[in-house]
file final_6.pdb (PDB, C-alpha atoms)
ATOM      1  CA  MET A   1     -11.303 -10.520  34.439
ATOM      2  CA  ASN A   2      -7.598  -9.846  34.027
ATOM      3  CA  ARG A   3      -6.403 -12.531  31.643
ATOM      4  CA  MET A   4      -3.757 -11.563  29.082
ATOM      5  CA  ILE A   5      -4.723 -11.669  25.434
ATOM      6  CA  PRO A   6      -2.791 -14.438  23.642
ATOM      7  CA  LEU A   7      -0.166 -12.892  21.349
ATOM      8  CA  VAL A   8      -0.405 -15.892  19.021
ATOM      9  CA  LEU A   9      -4.077 -15.112  18.426
ATOM     10  CA  LEU A  10      -3.158 -11.587  17.386
ATOM     11  CA  GLY A  11      -0.305 -12.607  15.151
ATOM     12  CA  VAL A  12       1.966 -10.093  16.902
ATOM     13  CA  VAL A  13       5.650 -10.546  17.708
ATOM     14  CA  CYS A  14       6.657  -9.105  21.062
ATOM     15  CA  ILE A  15       9.608  -6.757  20.546
ATOM     16  CA  SER A  16      10.587  -3.422  21.986
ATOM     17  CA  ALA A  17      10.380  -1.208  18.890
ATOM     18  CA  ALA A  18       7.990  -0.974  15.972
ATOM     19  CA  PRO A  19       8.974  -3.750  13.545
ATOM     20  CA  THR A  20       9.424  -3.157   9.859
ATOM     21  CA  LEU A  21       6.677  -5.108   8.144
ATOM     22  CA  LEU A  22       7.382  -6.140   4.580
ATOM     23  CA  PRO A  23       4.281  -6.430   2.398
ATOM     24  CA  PRO A  24       3.695  -9.464   0.195
ATOM     25  CA  VAL A  25       4.632  -8.488  -3.354
ATOM     26  CA  PRO A  26       3.551 -10.372  -6.492
ATOM     27  CA  ALA A  27       6.383 -11.674  -8.644
ATOM     28  CA  ASN A  28       4.942  -9.975 -11.733
ATOM     29  CA  ASN A  29       4.929  -6.529 -10.085
ATOM     30  CA  PRO A  30       8.109  -6.056  -8.021
ATOM     31  CA  MET A  31       8.322  -2.859  -6.004
ATOM     32  CA  THR A  32      11.002  -0.256  -6.652
ATOM     33  CA  PRO A  33      11.397   3.233  -5.179
ATOM     34  CA  GLU A  34      10.784   4.732  -8.622
ATOM     35  CA  LYS A  35       7.594   2.734  -9.152
ATOM     36  CA  ILE A  36       6.289   3.661  -5.699
ATOM     37  CA  LYS A  37       6.976   7.330  -6.402
ATOM     38  CA  LEU A  38       5.128   7.128  -9.719
ATOM     39  CA  GLY A  39       2.252   5.287  -8.046
ATOM     40  CA  LYS A  40       1.933   7.999  -5.409
ATOM     41  CA  LYS A  41       1.881  10.707  -8.088
ATOM     42  CA  LEU A  42      -0.881   8.859  -9.953
ATOM     43  CA  PHE A  43      -2.810   8.210  -6.717
ATOM     44  CA  TYR A  44      -3.093  11.939  -6.050
ATOM     45  CA  ASP A  45      -3.578  13.046  -9.668
ATOM     46  CA  PRO A  46      -7.142  13.702 -10.924
ATOM     47  CA  ILE A  47      -5.900  13.247 -14.498
ATOM     48  CA  LEU A  48      -7.071   9.632 -14.245
ATOM     49  CA  SER A  49     -10.753  10.629 -13.979
ATOM     50  CA  ALA A  50     -13.002  11.492 -16.900
ATOM     51  CA  ASP A  51     -13.503  15.099 -15.791
ATOM     52  CA  GLY A  52     -10.010  15.654 -14.384
ATOM     53  CA  LYS A  53     -11.405  16.432 -10.928
ATOM     54  CA  VAL A  54     -11.436  13.114  -9.017
ATOM     55  CA  SER A  55      -8.341  11.264  -7.827
ATOM     56  CA  CYS A  56      -7.873   8.130  -5.743
ATOM     57  CA  ALA A  57      -7.200  10.462  -2.796
ATOM     58  CA  SER A  58     -10.593  12.140  -3.269
ATOM     59  CA  CYS A  59     -12.151   9.089  -1.605
ATOM     60  CA  HIS A  60      -9.084   7.857   0.302
ATOM     61  CA  ASN A  61      -7.922  10.842   2.336
ATOM     62  CA  PRO A  62      -4.576  10.370   4.161
ATOM     63  CA  ASP A  63      -5.855  12.507   7.071
ATOM     64  CA  LEU A  64      -8.580   9.898   7.574
ATOM     65  CA  ALA A  65      -6.342   6.840   7.306
ATOM     66  CA  PHE A  66      -7.085   6.794   3.578
ATOM     67  CA  ALA A  67     -10.855   6.626   4.045
ATOM     68  CA  ASP A  68     -13.623   9.246   3.694
ATOM     69  CA  HIS A  69     -15.993  10.887   6.188
ATOM     70  CA  GLN A  70     -18.898  10.772   3.759
ATOM     71  CA  ALA A  71     -21.190   7.755   3.823
ATOM     72  CA  VAL A  72     -20.709   7.383   0.072
ATOM     73  CA  SER A  73     -18.049   9.420  -1.706
ATOM     74  CA  PRO A  74     -19.035  11.493  -4.749
ATOM     75  CA  GLY A  75     -17.336  10.642  -8.003
ATOM     76  CA  VAL A  76     -17.315  12.288 -11.426
ATOM     77  CA  GLU A  77     -20.067  14.923 -11.761
ATOM     78  CA  GLY A  78     -21.038  14.254  -8.138
ATOM     79  CA  ARG A  79     -22.418  10.805  -8.922
ATOM     80  CA  LYS A  80     -22.587   8.412  -5.984
ATOM     81  CA  GLY A  81     -22.482   4.672  -5.712
ATOM     82  CA  VAL A  82     -23.841   2.673  -2.777
ATOM     83  CA  ARG A  83     -20.805   1.814  -0.635
ATOM     84  CA  ASN A  84     -18.563   3.529   1.871
ATOM     85  CA  ALA A  85     -14.916   4.048   0.899
ATOM     86  CA  PRO A  86     -12.839   1.627   3.025
ATOM     87  CA  THR A  87      -9.522   2.523   4.625
ATOM     88  CA  LEU A  88      -6.358   1.543   2.778
ATOM     89  CA  THR A  89      -4.565   0.839   6.065
ATOM     90  CA  ASN A  90      -2.511  -2.354   5.639
ATOM     91  CA  VAL A  91      -4.286  -3.035   2.360
ATOM     92  CA  ALA A  92      -1.192  -4.949   1.224
ATOM     93  CA  PHE A  93      -2.118  -7.759   3.596
ATOM     94  CA  ARG A  94      -5.693  -8.197   2.380
ATOM     95  CA  LYS A  95      -6.425 -11.383   0.466
ATOM     96  CA  SER A  96      -9.194  -9.925  -1.689
ATOM     97  CA  PHE A  97     -10.715  -6.521  -2.333
ATOM     98  CA  PHE A  98     -14.061  -4.733  -2.540
ATOM     99  CA  PHE A  99     -16.727  -5.533   0.036
ATOM    100  CA  GLU A 100     -17.657  -8.806  -1.650
ATOM    101  CA  GLY A 101     -14.041  -9.802  -2.301
ATOM    102  CA  GLY A 102     -14.415  -9.732  -6.076
ATOM    103  CA  ALA A 103     -10.868  -8.553  -6.880
ATOM    104  CA  LYS A 104      -8.026 -10.885  -5.974
ATOM    105  CA  SER A 105      -5.165  -8.408  -6.318
ATOM    106  CA  LEU A 106      -4.494  -4.741  -5.649
ATOM    107  CA  GLU A 107      -3.826  -4.292  -9.343
ATOM    108  CA  LEU A 108      -7.306  -5.542 -10.252
ATOM    109  CA  GLN A 109      -8.828  -3.476  -7.450
ATOM    110  CA  ALA A 110      -7.207  -0.306  -8.774
ATOM    111  CA  MET A 111      -8.839  -0.862 -12.162
ATOM    112  CA  GLY A 112     -12.320  -0.880 -10.632
ATOM    113  CA  PRO A 113     -12.645   2.774  -9.489
ATOM    114  CA  LEU A 114     -10.845   4.038 -12.604
ATOM    115  CA  THR A 115     -13.522   2.638 -14.896
ATOM    116  CA  ASP A 116     -16.607   2.694 -12.644
ATOM    117  CA  HIS A 117     -19.292   5.075 -13.950
ATOM    118  CA  ASN A 118     -19.995   6.467 -10.471
ATOM    119  CA  GLU A 119     -16.373   6.920  -9.465
ATOM    120  CA  MET A 120     -13.718   8.042 -11.958
ATOM    121  CA  ALA A 121     -15.647   7.046 -15.112
ATOM    122  CA  SER A 122     -12.560   6.678 -17.297
ATOM    123  CA  ASP A 123     -11.694   4.186 -20.010
ATOM    124  CA  VAL A 124      -8.377   2.687 -20.984
ATOM    125  CA  ASP A 125      -7.908   4.631 -24.201
ATOM    126  CA  SER A 126      -8.630   8.071 -22.720
ATOM    127  CA  VAL A 127      -6.376   7.525 -19.694
ATOM    128  CA  VAL A 128      -3.464   6.365 -21.817
ATOM    129  CA  LYS A 129      -3.971   9.215 -24.290
ATOM    130  CA  LYS A 130      -3.899  11.832 -21.505
ATOM    131  CA  LEU A 131      -0.802  10.327 -19.897
ATOM    132  CA  LYS A 132       1.078  10.167 -23.191
ATOM    133  CA  ALA A 133       0.291  13.834 -23.834
ATOM    134  CA  HIS A 134       1.373  14.911 -20.343
ATOM    135  CA  PRO A 135       4.681  16.817 -20.025
ATOM    136  CA  GLU A 136       6.041  14.529 -17.261
ATOM    137  CA  TYR A 137       4.431  11.098 -17.358
ATOM    138  CA  PRO A 138       5.987   9.644 -20.556
ATOM    139  CA  ALA A 139       9.491  10.054 -19.138
ATOM    140  CA  LEU A 140       8.450   8.678 -15.729
ATOM    141  CA  PHE A 141       6.844   5.566 -17.245
ATOM    142  CA  LYS A 142       9.891   5.008 -19.428
ATOM    143  CA  GLU A 143      12.134   5.242 -16.346
ATOM    144  CA  VAL A 144      10.047   2.741 -14.379
ATOM    145  CA  PHE A 145       8.723   0.377 -17.051
ATOM    146  CA  GLN A 146      10.997   1.107 -20.032
ATOM    147  CA  ALA A 147       7.801   1.718 -21.995
ATOM    148  CA  ALA A 148       5.150   4.295 -22.774
ATOM    149  CA  PRO A 149       2.180   4.622 -20.379
ATOM    150  CA  THR A 150      -0.331   1.765 -20.404
ATOM    151  CA  MET A 151      -3.281   1.078 -18.129
ATOM    152  CA  GLN A 152      -1.575  -2.070 -16.854
ATOM    153  CA  HIS A 153       1.419  -0.014 -15.779
ATOM    154  CA  VAL A 154      -0.873   2.585 -14.177
ATOM    155  CA  VAL A 155      -2.495   0.034 -11.869
ATOM    156  CA  GLU A 156       0.836  -1.660 -11.148
ATOM    157  CA  ALA A 157       2.328   1.641 -10.010
ATOM    158  CA  ILE A 158      -0.701   2.572  -7.879
ATOM    159  CA  ALA A 159      -0.739  -0.885  -6.282
ATOM    160  CA  SER A 160       2.959  -0.558  -5.457
ATOM    161  CA  PHE A 161       2.334   2.702  -3.637
ATOM    162  CA  GLU A 162      -0.650   1.260  -1.775
ATOM    163  CA  ARG A 163       1.483  -1.652  -0.549
ATOM    164  CA  THR A 164       3.597   0.844   1.397
ATOM    165  CA  LEU A 165       0.611   1.997   3.505
ATOM    166  CA  ILE A 166       1.504  -0.063   6.562
ATOM    167  CA  SER A 167       0.354   0.735  10.102
ATOM    168  CA  ASN A 168       1.852  -1.011  13.125
ATOM    169  CA  ASN A 169       2.574   1.556  15.823
ATOM    170  CA  SER A 170      -0.742   2.235  17.522
ATOM    171  CA  PRO A 171      -0.993   2.286  21.328
ATOM    172  CA  PHE A 172      -2.296  -1.281  21.107
ATOM    173  CA  ASP A 173       0.781  -2.338  19.129
ATOM    174  CA  ARG A 174       3.066  -0.714  21.673
ATOM    175  CA  PHE A 175       1.181  -2.464  24.481
ATOM    176  CA  GLN A 176       1.654  -5.790  22.715
ATOM    177  CA  ARG A 177       5.374  -5.088  22.455
ATOM    178  CA  GLY A 178       5.635  -4.655  26.200
ATOM    179  CA  ASP A 179       4.723  -1.017  26.925
ATOM    180  CA  LEU A 180       2.058  -1.696  29.547
ATOM    181  CA  LYS A 181       1.388   2.034  29.938
ATOM    182  CA  ALA A 182       0.424   2.445  26.278
ATOM    183  CA  LEU A 183      -3.251   1.694  27.016
ATOM    184  CA  THR A 184      -5.545   3.457  29.451
ATOM    185  CA  ASP A 185      -7.503   1.475  32.020
ATOM    186  CA  ALA A 186     -10.654   1.884  29.921
ATOM    187  CA  GLN A 187      -8.845   0.578  26.834
ATOM    188  CA  LYS A 188      -7.567  -2.428  28.766
ATOM    189  CA  ARG A 189     -11.098  -3.192  29.946
ATOM    190  CA  GLY A 190     -12.316  -2.793  26.391
ATOM    191  CA  MET A 191      -9.618  -5.169  25.157
ATOM    192  CA  GLU A 192     -10.859  -7.806  27.587
ATOM    193  CA  LEU A 193     -14.394  -7.336  26.287
ATOM    194  CA  PHE A 194     -13.219  -7.461  22.675
ATOM    195  CA  PHE A 195     -11.666 -10.901  23.174
ATOM    196  CA  ASP A 196     -14.363 -12.236  25.489
ATOM    197  CA  GLN A 197     -17.974 -11.143  26.067
ATOM    198  CA  ALA A 198     -18.294  -8.920  23.005
ATOM    199  CA  ASP A 199     -17.049 -11.717  20.702
ATOM    200  CA  CYS A 200     -15.471  -9.198  18.299
ATOM    201  CA  PHE A 201     -12.396 -11.380  17.822
ATOM    202  CA  HIS A 202     -14.299 -14.107  15.967
ATOM    203  CA  CYS A 203     -14.377 -11.939  12.840
ATOM    204  CA  HIS A 204     -11.879  -9.205  13.708
ATOM    205  CA  THR A 205      -8.930 -11.506  14.221
ATOM    206  CA  GLY A 206      -5.218 -11.604  13.477
ATOM    207  CA  SER A 207      -2.801  -8.697  13.378
ATOM    208  CA  ASN A 208      -4.991  -6.889  10.833
ATOM    209  CA  PHE A 209      -8.200  -7.499  12.805
ATOM    210  CA  THR A 210     -10.075  -9.250  10.001
ATOM    211  CA  ASP A 211     -10.824 -12.858   9.081
ATOM    212  CA  GLU A 212     -11.051 -11.811   5.402
ATOM    213  CA  LEU A 213     -14.436 -13.543   5.176
ATOM    214  CA  PRO A 214     -17.909 -12.296   4.197
ATOM    215  CA  HIS A 215     -20.613 -12.109   6.863
ATOM    216  CA  ASN A 216     -24.159 -10.822   7.050
ATOM    217  CA  THR A 217     -24.152  -8.620  10.153
ATOM    218  CA  ALA A 218     -27.904  -8.044  10.118
ATOM    219  CA  LEU A 219     -27.546  -4.396   9.279
ATOM    220  CA  ASN A 220     -30.972  -4.309   7.651
ATOM    221  CA  VAL A 221     -34.104  -6.438   7.603
ATOM    222  CA  PHE A 222     -33.871  -6.400   3.801
ATOM    223  CA  ASP A 223     -30.569  -5.980   1.967
ATOM    224  CA  GLU A 224     -30.866  -3.753  -1.090
ATOM    225  CA  ASP A 225     -27.125  -4.216  -1.719
ATOM    226  CA  GLN A 226     -26.755  -7.899  -2.563
ATOM    227  CA  GLY A 227     -23.177  -8.101  -1.300
ATOM    228  CA  LEU A 228     -21.474 -11.430  -2.011
ATOM    229  CA  ALA A 229     -24.544 -12.621  -3.889
ATOM    230  CA  ARG A 230     -23.567 -10.252  -6.707
ATOM    231  CA  LEU A 231     -20.799 -12.737  -7.449
ATOM    232  CA  THR A 232     -22.294 -16.074  -6.429
ATOM    233  CA  LEU A 233     -25.974 -15.456  -7.317
ATOM    234  CA  LYS A 234     -26.855 -17.478  -4.199
ATOM    235  CA  ASP A 235     -29.725 -16.351  -1.977
ATOM    236  CA  GLU A 236     -27.810 -17.362   1.155
ATOM    237  CA  ASP A 237     -25.080 -14.878   0.253
ATOM    238  CA  ILE A 238     -27.349 -11.831   0.064
ATOM    239  CA  GLY A 239     -26.144  -9.151   2.446
ATOM    240  CA  LYS A 240     -22.746 -10.720   3.113
ATOM    241  CA  PHE A 241     -19.797  -8.318   3.153
ATOM    242  CA  LYS A 242     -16.126  -8.837   3.971
ATOM    243  CA  THR A 243     -14.943  -8.081   7.481
ATOM    244  CA  PRO A 244     -13.066  -4.750   7.415
ATOM    245  CA  THR A 245      -9.872  -4.107   9.324
ATOM    246  CA  LEU A 246     -10.254  -2.214  12.600
ATOM    247  CA  ARG A 247      -6.862  -0.529  12.347
ATOM    248  CA  ASN A 248      -7.302   3.250  12.521
ATOM    249  CA  ILE A 249     -11.042   2.625  12.845
ATOM    250  CA  ALA A 250     -11.600   5.764  14.969
ATOM    251  CA  LEU A 251     -10.538   7.885  11.980
ATOM    252  CA  THR A 252     -12.738   6.266   9.353
ATOM    253  CA  ALA A 253     -16.327   7.135  10.317
ATOM    254  CA  PRO A 254     -19.013   6.550   9.166
ATOM    255  CA  TYR A 255     -19.188   2.786   9.434
ATOM    256  CA  MET A 256     -20.621  -0.306   7.740
ATOM    257  CA  HIS A 257     -20.499  -1.004   4.013
ATOM    258  CA  ASP A 258     -23.066   1.729   3.376
ATOM    259  CA  GLY A 259     -21.779   4.269   5.906
ATOM    260  CA  SER A 260     -25.068   4.086   7.802
ATOM    261  CA  LYS A 261     -23.578   4.222  11.317
ATOM    262  CA  ALA A 262     -22.210   7.685  12.069
ATOM    263  CA  THR A 263     -20.101   6.811  15.110
ATOM    264  CA  LEU A 264     -18.215   3.893  16.594
ATOM    265  CA  ARG A 265     -20.679   3.837  19.441
ATOM    266  CA  GLU A 266     -23.594   3.476  17.020
ATOM    267  CA  ALA A 267     -21.815   0.592  15.329
ATOM    268  CA  VAL A 268     -21.164  -1.160  18.653
ATOM    269  CA  GLU A 269     -24.774  -0.603  19.741
ATOM    270  CA  HIS A 270     -25.920  -2.332  16.543
ATOM    271  CA  TYR A 271     -23.915  -5.422  17.445
ATOM    272  CA  ASN A 272     -24.914  -5.215  21.095
ATOM    273  CA  LYS A 273     -28.589  -5.587  20.225
ATOM    274  CA  GLY A 274     -27.867  -8.438  17.823
ATOM    275  CA  GLY A 275     -28.654  -6.511  14.668
ATOM    276  CA  GLU A 276     -31.928  -6.428  12.788
ATOM    277  CA  SER A 277     -34.187  -9.385  11.999
ATOM    278  CA  ASN A 278     -32.440 -10.665   8.870
ATOM    279  CA  LEU A 279     -32.934 -14.202   7.525
ATOM    280  CA  ASN A 280     -29.286 -14.392   6.402
ATOM    281  CA  ALA A 281     -27.805 -13.046   9.624
ATOM    282  CA  ASP A 282     -24.545 -14.630  10.694
ATOM    283  CA  PRO A 283     -25.002 -17.085  13.614
ATOM    284  CA  LEU A 284     -22.684 -14.900  15.695
ATOM    285  CA  MET A 285     -25.207 -12.058  15.547
ATOM    286  CA  ARG A 286     -26.960 -12.155  18.923
ATOM    287  CA  PRO A 287     -27.573  -9.729  21.796
ATOM    288  CA  LEU A 288     -24.345  -9.224  23.737
ATOM    289  CA  GLY A 289     -25.721  -7.724  26.938
ATOM    290  CA  LEU A 290     -23.102  -4.989  27.187
ATOM    291  CA  THR A 291     -23.803  -2.107  29.566
ATOM    292  CA  ASP A 292     -23.333   1.526  28.532
ATOM    293  CA  ASP A 293     -20.058   1.635  30.455
ATOM    294  CA  GLN A 294     -18.842  -1.510  28.718
ATOM    295  CA  ILE A 295     -19.715  -0.031  25.335
ATOM    296  CA  ASP A 296     -17.658   3.035  26.270
ATOM    297  CA  ASP A 297     -14.728   0.781  27.157
ATOM    298  CA  LEU A 298     -15.020  -1.198  23.926
ATOM    299  CA  VAL A 299     -15.019   2.009  21.894
ATOM    300  CA  ALA A 300     -12.000   3.197  23.872
ATOM    301  CA  PHE A 301     -10.133   0.013  22.964
ATOM    302  CA  MET A 302     -10.883   0.481  19.278
ATOM    303  CA  GLU A 303      -9.586   4.036  19.558
ATOM    304  CA  SER A 304      -6.290   2.527  20.747
ATOM    305  CA  LEU A 305      -5.863   1.096  17.242
ATOM    306  CA  THR A 306      -5.168   4.582  15.864
ATOM    307  CA  ASP A 307      -1.611   4.921  14.589
ATOM    308  CA  GLU A 308      -0.656   8.608  14.576
ATOM    309  CA  ASP A 309       2.676   7.842  12.910
ATOM    310  CA  PHE A 310       0.807   6.315   9.987
ATOM    311  CA  VAL A 311      -1.485   9.311   9.605
ATOM    312  CA  ARG A 312       1.380  11.819   9.753
ATOM    313  CA  ASN A 313       3.848   9.888   7.599
ATOM    314  CA  PRO A 314       5.127  12.321   4.941
ATOM    315  CA  GLU A 315       6.016   9.421   2.651
ATOM    316  CA  PHE A 316       2.295   8.801   2.191
ATOM    317  CA  ARG A 317       1.464  12.416   1.379
ATOM    318  CA  GLU A 318       1.168  14.142  -1.948
ATOM    319  CA  ALA A 319       4.500  15.574  -3.059
ATOM    320  CA  LYS A 320       4.382  19.376  -3.114
TER     321      LYS A 320
END

call {"tool": "encode", "arguments": {"input": "final_6.pdb", "output": "structure tokens"}}
result
Amino acid sequence: MNRMIPLVLLGVVCISAAPTLLPPVPANNPMTPEKIKLGKKLFYDPILSADGKVSCASCHNPDLAFADHQAVSPGVEGRKGVRNAPTLTNVAFRKSFFFEGGAKSLELQAMGPLTDHNEMASDVDSVVKKLKAHPEYPALFKEVFQAAPTMQHVVEAIASFERTLISNNSPFDRFQRGDLKALTDAQKRGMELFFDQADCFHCHTGSNFTDELPHNTALNVFDEDQGLARLTLKDEDIGKFKTPTLRNIALTAPYMHDGSKATLREAVEHYNKGGESNLNADPLMRPLGLTDDQIDDLVAFMESLTDEDFVRNPEFREAK
């Protein structure tokens, strides 16, 4: 099959050079260069954690597209939660945050890890006290917010920095803009599978490769992590987790909400067999009948979503 993938389906504009994508910005937290700079400093600073050893970047490593290679990242005193750290690639375009979608803004999302017992284990009073006593932060907050440090301003600054983490120059993007040599033959075959037999596009859709919806992908027969049901308390929502973006997916192993699949191939094999026997499994979970060669091609296509410019961008790195 040699049909072209519809550009409208992907939400991609066909132009010759990488476009500048402007993130949606809430009216109550406008972005400024000074606020972004402060947010980056806070993102990389372990001062926000209870023990002064864990920063946002501890779990969201820029070398790994702001994800982590551990199934579950260790927090303060080595404590671990139950979920894999997701990539922050194009996080500005997400409609909700956390795997069950419980936070509706980046500002609210940033508050979660700061105060979670298994992550940074801080509280509002201690964070503000440490920032006020710091030799640099009081002046920086006054410059940006015309006020002393507050937790609200902390999360607003971090969210502003995170909104700059935009990826749109992968080989796939360049192919969509007309560079037909940007993809290998295997990646082109994998792209055809992605939008046809493998049915990936039903959930991994749009320019960010996610429908933003929760699904039960039959990862386990029994779901110890309740997923969406933590919010809704509905049995039918047990084991449902939001569809993650596939951008830079080759850099963000391991996979699934619990990091239980070590490689992209393992993840694809899970979907190829239709998952486990789970009563809440999404109707789309069914055996796909892909051959080993087709699985290789599908993995190759997902590798074409890696944006080396994003990973190497010095603007995203800790200031030295």

call {"tool": "closest_residue", "arguments": {"input": "final_6.pdb", "among": "A:Glu303, A:Asp173, A:Glu162, A:Asp125", "to": "Phe316 (chain A)", "atoms": "all atoms listed in the file"}}
result
A:Glu162

call {"tool": "resolve_selection", "arguments": {"input": "final_6.pdb", "expression": "the PyMOL selection byres ((chain A and resi 231-244) around 7)", "output": "MDAnalysis selection string"}}
result
chainID A and resid 99:101 203 210:216 223 225:230 245:246 280

call {"tool": "resolve_selection", "arguments": {"input": "final_6.pdb", "expression": "the PyMOL selection byres ((chain A and resi 21) around 9)", "output": "number ranges by chain"}}
result
A: 18-20, 22-23, 166-168

call {"tool": "closest_residue", "arguments": {"input": "final_6.pdb", "among": "A:Leu114, A:Asn169, A:Gly259, A:Gln294", "to": "Gln152 (chain A)", "atoms": "all atoms listed in the file"}}
result
A:Leu114

call {"tool": "axis_aligned_box", "arguments": {"input": "final_6.pdb", "around": "region 195-211 of chain A", "padding_each_side": "8 Å", "output": "JSON"}}
result
{"center_x": -10.5, "center_y": -10.5, "center_z": 17.6, "size_x": 31.5, "size_y": 23.2, "size_z": 33.0}

call {"tool": "residues_around", "arguments": {"input": "final_6.pdb", "residues": "region 63-71 of chain A", "least_positions_apart": "5", "cutoff": "12 Å", "atoms": "all atoms listed in the file", "output": "JSON, numbers by chain"}}
result
{"A": [43, 44, 56, 57, 58, 80, 81, 82, 83, 84, 85, 86, 87, 88, 89, 90, 91, 162, 165, 166, 167, 245, 246, 247, 248, 249, 250, 251, 252, 253, 254, 255, 256, 257, 258, 259, 260, 261, 262, 263, 305, 306, 307, 308, 309, 310, 311, 312, 313, 314, 316, 317, 318]}

call {"tool": "write_last_selection", "arguments": {"input": "final_6.pdb", "atoms": "C-alpha atoms", "output": "PDB file, in the frame of the given file"}}
result
ATOM      1  CA  PHE A  43      -2.810   8.210  -6.717  1.00  0.00           C
ATOM      2  CA  TYR A  44      -3.093  11.939  -6.050  1.00  0.00           C
ATOM      3  CA  CYS A  56      -7.873   8.130  -5.743  1.00  0.00           C
ATOM      4  CA  ALA A  57      -7.200  10.462  -2.796  1.00  0.00           C
ATOM      5  CA  SER A  58     -10.593  12.140  -3.269  1.00  0.00           C
ATOM      6  CA  LYS A  80     -22.587   8.412  -5.984  1.00  0.00           C
ATOM      7  CA  GLY A  81     -22.482   4.672  -5.712  1.00  0.00           C
ATOM      8  CA  VAL A  82     -23.841   2.673  -2.777  1.00  0.00           C
ATOM      9  CA  ARG A  83     -20.805   1.814  -0.635  1.00  0.00           C
ATOM     10  CA  ASN A  84     -18.563   3.529   1.871  1.00  0.00           C
ATOM     11  CA  ALA A  85     -14.916   4.048   0.899  1.00  0.00           C
ATOM     12  CA  PRO A  86     -12.839   1.627   3.025  1.00  0.00           C
ATOM     13  CA  THR A  87      -9.522   2.523   4.625  1.00  0.00           C
ATOM     14  CA  LEU A  88      -6.358   1.543   2.778  1.00  0.00           C
ATOM     15  CA  THR A  89      -4.565   0.839   6.065  1.00  0.00           C
ATOM     16  CA  ASN A  90      -2.511  -2.354   5.639  1.00  0.00           C
ATOM     17  CA  VAL A  91      -4.286  -3.035   2.360  1.00  0.00           C
ATOM     18  CA  GLU A 162      -0.650   1.260  -1.775  1.00  0.00           C
ATOM     19  CA  LEU A 165       0.611   1.997   3.505  1.00  0.00           C
ATOM     20  CA  ILE A 166       1.504  -0.063   6.562  1.00  0.00           C
ATOM     21  CA  SER A 167       0.354   0.735  10.102  1.00  0.00           C
ATOM     22  CA  THR A 245      -9.872  -4.107   9.324  1.00  0.00           C
ATOM     23  CA  LEU A 246     -10.254  -2.214  12.600  1.00  0.00           C
ATOM     24  CA  ARG A 247      -6.862  -0.529  12.347  1.00  0.00           C
ATOM     25  CA  ASN A 248      -7.302   3.250  12.521  1.00  0.00           C
ATOM     26  CA  ILE A 249     -11.042   2.625  12.845  1.00  0.00           C
ATOM     27  CA  ALA A 250     -11.600   5.764  14.969  1.00  0.00           C
ATOM     28  CA  LEU A 251     -10.538   7.885  11.980  1.00  0.00           C
ATOM     29  CA  THR A 252     -12.738   6.266   9.353  1.00  0.00           C
ATOM     30  CA  ALA A 253     -16.327   7.135  10.317  1.00  0.00           C
ATOM     31  CA  PRO A 254     -19.013   6.550   9.166  1.00  0.00           C
ATOM     32  CA  TYR A 255     -19.188   2.786   9.434  1.00  0.00           C
ATOM     33  CA  MET A 256     -20.621  -0.306   7.740  1.00  0.00           C
ATOM     34  CA  HIS A 257     -20.499  -1.004   4.013  1.00  0.00           C
ATOM     35  CA  ASP A 258     -23.066   1.729   3.376  1.00  0.00           C
ATOM     36  CA  GLY A 259     -21.779   4.269   5.906  1.00  0.00           C
ATOM     37  CA  SER A 260     -25.068   4.086   7.802  1.00  0.00           C
ATOM     38  CA  LYS A 261     -23.578   4.222  11.317  1.00  0.00           C
ATOM     39  CA  ALA A 262     -22.210   7.685  12.069  1.00  0.00           C
ATOM     40  CA  THR A 263     -20.101   6.811  15.110  1.00  0.00           C
ATOM     41  CA  LEU A 305      -5.863   1.096  17.242  1.00  0.00           C
ATOM     42  CA  THR A 306      -5.168   4.582  15.864  1.00  0.00           C
ATOM     43  CA  ASP A 307      -1.611   4.921  14.589  1.00  0.00           C
ATOM     44  CA  GLU A 308      -0.656   8.608  14.576  1.00  0.00           C
ATOM     45  CA  ASP A 309       2.676   7.842  12.910  1.00  0.00           C
ATOM     46  CA  PHE A 310       0.807   6.315   9.987  1.00  0.00           C
ATOM     47  CA  VAL A 311      -1.485   9.311   9.605  1.00  0.00           C
ATOM     48  CA  ARG A 312       1.380  11.819   9.753  1.00  0.00           C
ATOM     49  CA  ASN A 313       3.848   9.888   7.599  1.00  0.00           C
ATOM     50  CA  PRO A 314       5.127  12.321   4.941  1.00  0.00           C
ATOM     51  CA  PHE A 316       2.295   8.801   2.191  1.00  0.00           C
ATOM     52  CA  ARG A 317       1.464  12.416   1.379  1.00  0.00           C
ATOM     53  CA  GLU A 318       1.168  14.142  -1.948  1.00  0.00           C
TER      54      GLU A 318
END

call {"tool": "atom_distance", "arguments": {"input": "final_6.pdb", "atom1": "CA of Gly274 (chain A)", "atom2": "CA of Phe93 (chain A)"}}
result
29.4 Å

call {"tool": "resolve_selection", "arguments": {"input": "final_6.pdb", "expression": "the PyMOL selection byres ((chain A and resi 153-161) around 8)", "output": "JSON, numbers by chain"}}
result
{"A": [29, 30, 31, 35, 36, 37, 38, 39, 40, 42, 43, 106, 107, 108, 110, 111, 141, 145, 149, 150, 151, 152, 162, 163, 164, 165]}

call {"tool": "decode", "arguments": {"input": "final_6.pdb", "residues": "region 251-260 of chain A", "atoms": "C-alpha atoms", "output": "mmCIF file, in the first residue's frame"}}
result
data_model
loop_
_atom_site.group_PDB
_atom_site.id
_atom_site.type_symbol
_atom_site.label_atom_id
_atom_site.label_comp_id
_atom_site.auth_asym_id
_atom_site.auth_seq_id
_atom_site.Cartn_x
_atom_site.Cartn_y
_atom_site.Cartn_z
ATOM 1 C CA LEU A 251 14.221 8.381 23.901
ATOM 2 C CA THR A 252 11.759 7.799 26.722
ATOM 3 C CA ALA A 253 11.977 4.079 27.546
ATOM 4 C CA PRO A 254 10.644 2.281 29.514
ATOM 5 C CA TYR A 255 7.027 2.472 28.443
ATOM 6 C CA MET A 256 3.464 2.339 29.775
ATOM 7 C CA HIS A 257 2.212 4.190 32.839
ATOM 8 C CA ASP A 258 4.183 1.857 35.105
ATOM 9 C CA GLY A 259 7.319 1.559 32.964
ATOM 10 C CA SER A 260 6.740 -2.179 32.592
#
